[in-house]
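J.: One structure is given below, represented as structure tokens, and several questions about it will come after.
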Amino acid sequence: MNPVSSVIASRELLWNLTLRELRTKYRRSVLGWAWSMLNPLANVAIYFFVFGVLFDAQAPRGVNSDLHGFAWFLLCALLPWNYWALINNMGLGAMSSNAGLVRRVAFPREVLVFSAVLHATVQFAIELSLLCVIFVILGSPFLPWLPIVLLTVVLLGVFASGFALALSALSVYFKDLAYLWGIVLQVWFFATPIVYNPDLLDDQAPDWMRPILEANPMNLVVGIFRDCLYHAQSPNWASLGAFALWAVASLSVGWWAFRRLDRRLAEEV
């Protein structure tokens, strides 16, 4: 049975693992799942106060939305980045946190990674929905471009899944990988125009660095989200097509690497 078919055949296990993670996340807290709304609300309030009030950071005015606040400009990029980083981090611990299951039960272990992806997707869906509601209240006419945003979310999940698959297997053999990958994500974060205007790259980045920064696939994601949500305009279709290729390549390579390393996972985990 090929890997895709084996995961599809284990869809009930995938669903049960995802539900288990969702149920246990806030199980011992007083407010329970209310935190899934309170956390993103608190983040919006904090970013709005820090960047909009304390630092009075400036952002370009939305082309069609007329939005003009750095907090909104920032969140359109920060939310997809957090989704991508969360999948990476959950993928890193997917095998070690389920070591007993990996050792004792024969099943397609990719299911553990895809369960983490679904868990992260539910959390991101709540945060994105909240941001969309705020933009509707502010009068941004972004709704015609919402399907493109949702398509980009799917592609981002596929892109992140490839990394998560490879990282989940590699972390079993290389215990320091989580620390190294944390550094990689920090560098990658600042190489992506999240907390600054992408126009700064054209003005201040050295010539030798620009091709590297422009090749960053997360630049494409940030640009699409800001075009569709913040500016309420058509995205760069070439960027969408390029990121679709990145997503397919990432999942293909990541899954191939996982299958190569899967043979001794039960012994090493």
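Please note that chains go A, B, ... in the order of the structure tokens, that every chain numbers its residues from 1, and that ligands are numbered from 1 in the order shown.
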Please give the complete set of residues from stretch 5-254 of chain A that DSSP, run on the backbone, assigns to alpha helix (DSSP H), formatted as number ranges by chain.
T.: A: 5-9, 11-25, 35-47, 70-92, 99-104, 110-137, 146-173, 177-191, 199-204, 210-214, 217-225, 237-254
J.: Within 6 Å of stretch 229-233 of chain A, counting only C-alpha atoms, which residues qualify if same-chain residues fewer than 3 places away don't, as a list of chain:residue names?
T.: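 Result of the neighbour search: A:Gly62, A:Val63, A:Asn64, A:Ser65, A:Pro141, A:Phe142, A:Phe225, A:Arg226.
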J.: Show which residues sit within 12 Å of A:Ala257, as a ChimeraX atom specification. Count only C-alpha atoms, and ignore same-chain residues fewer than 2 positions away.
T.: /A:110,162-170,250-255,259-263
J.: Looking at A:Leu185, A:Leu101, A:Ala191, A:Leu75, which one is nearest to A:Asn43, with distances taken over only C-alpha atoms?
T.: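 Checking each candidate against A:Asn43, we get A:Leu75 as the closest.
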J.: For A:Met218, please output as a count of residues only all residues within 9 Å (counting only C-alpha atoms; exclusion window: fewer than 2 positions along the same chain).
T.: 14
J.: Under the rule of at most 12 Å, produce a per-residue listing of stretch 51-124 of chain A near stretch 2-26 of chain A: chain, number, name, the closest pair of atoms, and the distance in Å, as a Markdown table, using only C-alpha atoms.
T.:
```
| residue | atom | partner | partner_atom | distance |
| --- | --- | --- | --- | --- |
| A:Met90 | CA | A:Glu21 | CA | 11.2 |
| A:Ala94 | CA | A:Leu17 | CA | 11.3 |
| A:Ser97 | CA | A:Glu21 | CA | 11.4 |
| A:Asn98 | CA | A:Leu17 | CA | 10.4 |
| A:Leu101 | CA | A:Leu17 | CA | 11.2 |
| A:Val105 | CA | A:Leu13 | CA | 11.9 |
| A:Ala106 | CA | A:Ser10 | CA | 11.3 |
| A:Phe107 | CA | A:Ser10 | CA | 7.9 |
| A:Pro108 | CA | A:Val7 | CA | 6.4 |
| A:Arg109 | CA | A:Val7 | CA | 8.7 |
| A:Glu110 | CA | A:Val7 | CA | 7.2 |
| A:Val111 | CA | A:Leu14 | CA | 5.6 |
| A:Leu112 | CA | A:Leu14 | CA | 7.3 |
| A:Val113 | CA | A:Leu14 | CA | 9.3 |
| A:Phe114 | CA | A:Leu14 | CA | 7.3 |
| A:Ser115 | CA | A:Thr18 | CA | 5.0 |
| A:Ala116 | CA | A:Thr18 | CA | 7.0 |
| A:Val117 | CA | A:Thr18 | CA | 8.8 |
| A:Leu118 | CA | A:Thr18 | CA | 6.6 |
| A:His119 | CA | A:Thr18 | CA | 5.9 |
| A:Ala120 | CA | A:Leu22 | CA | 9.5 |
| A:Thr121 | CA | A:Thr18 | CA | 10.5 |
| A:Val122 | CA | A:Leu22 | CA | 8.7 |
| A:Gln123 | CA | A:Leu22 | CA | 9.2 |
```
J.: If you measure from atom CA of A:Ser161 to atom CA of A:Phe174, what distance in Å do you get, rounded to one decimal?
T.: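 Going from atom CA of A:Ser161 over to atom CA of A:Phe174 covers 19.3 Å.
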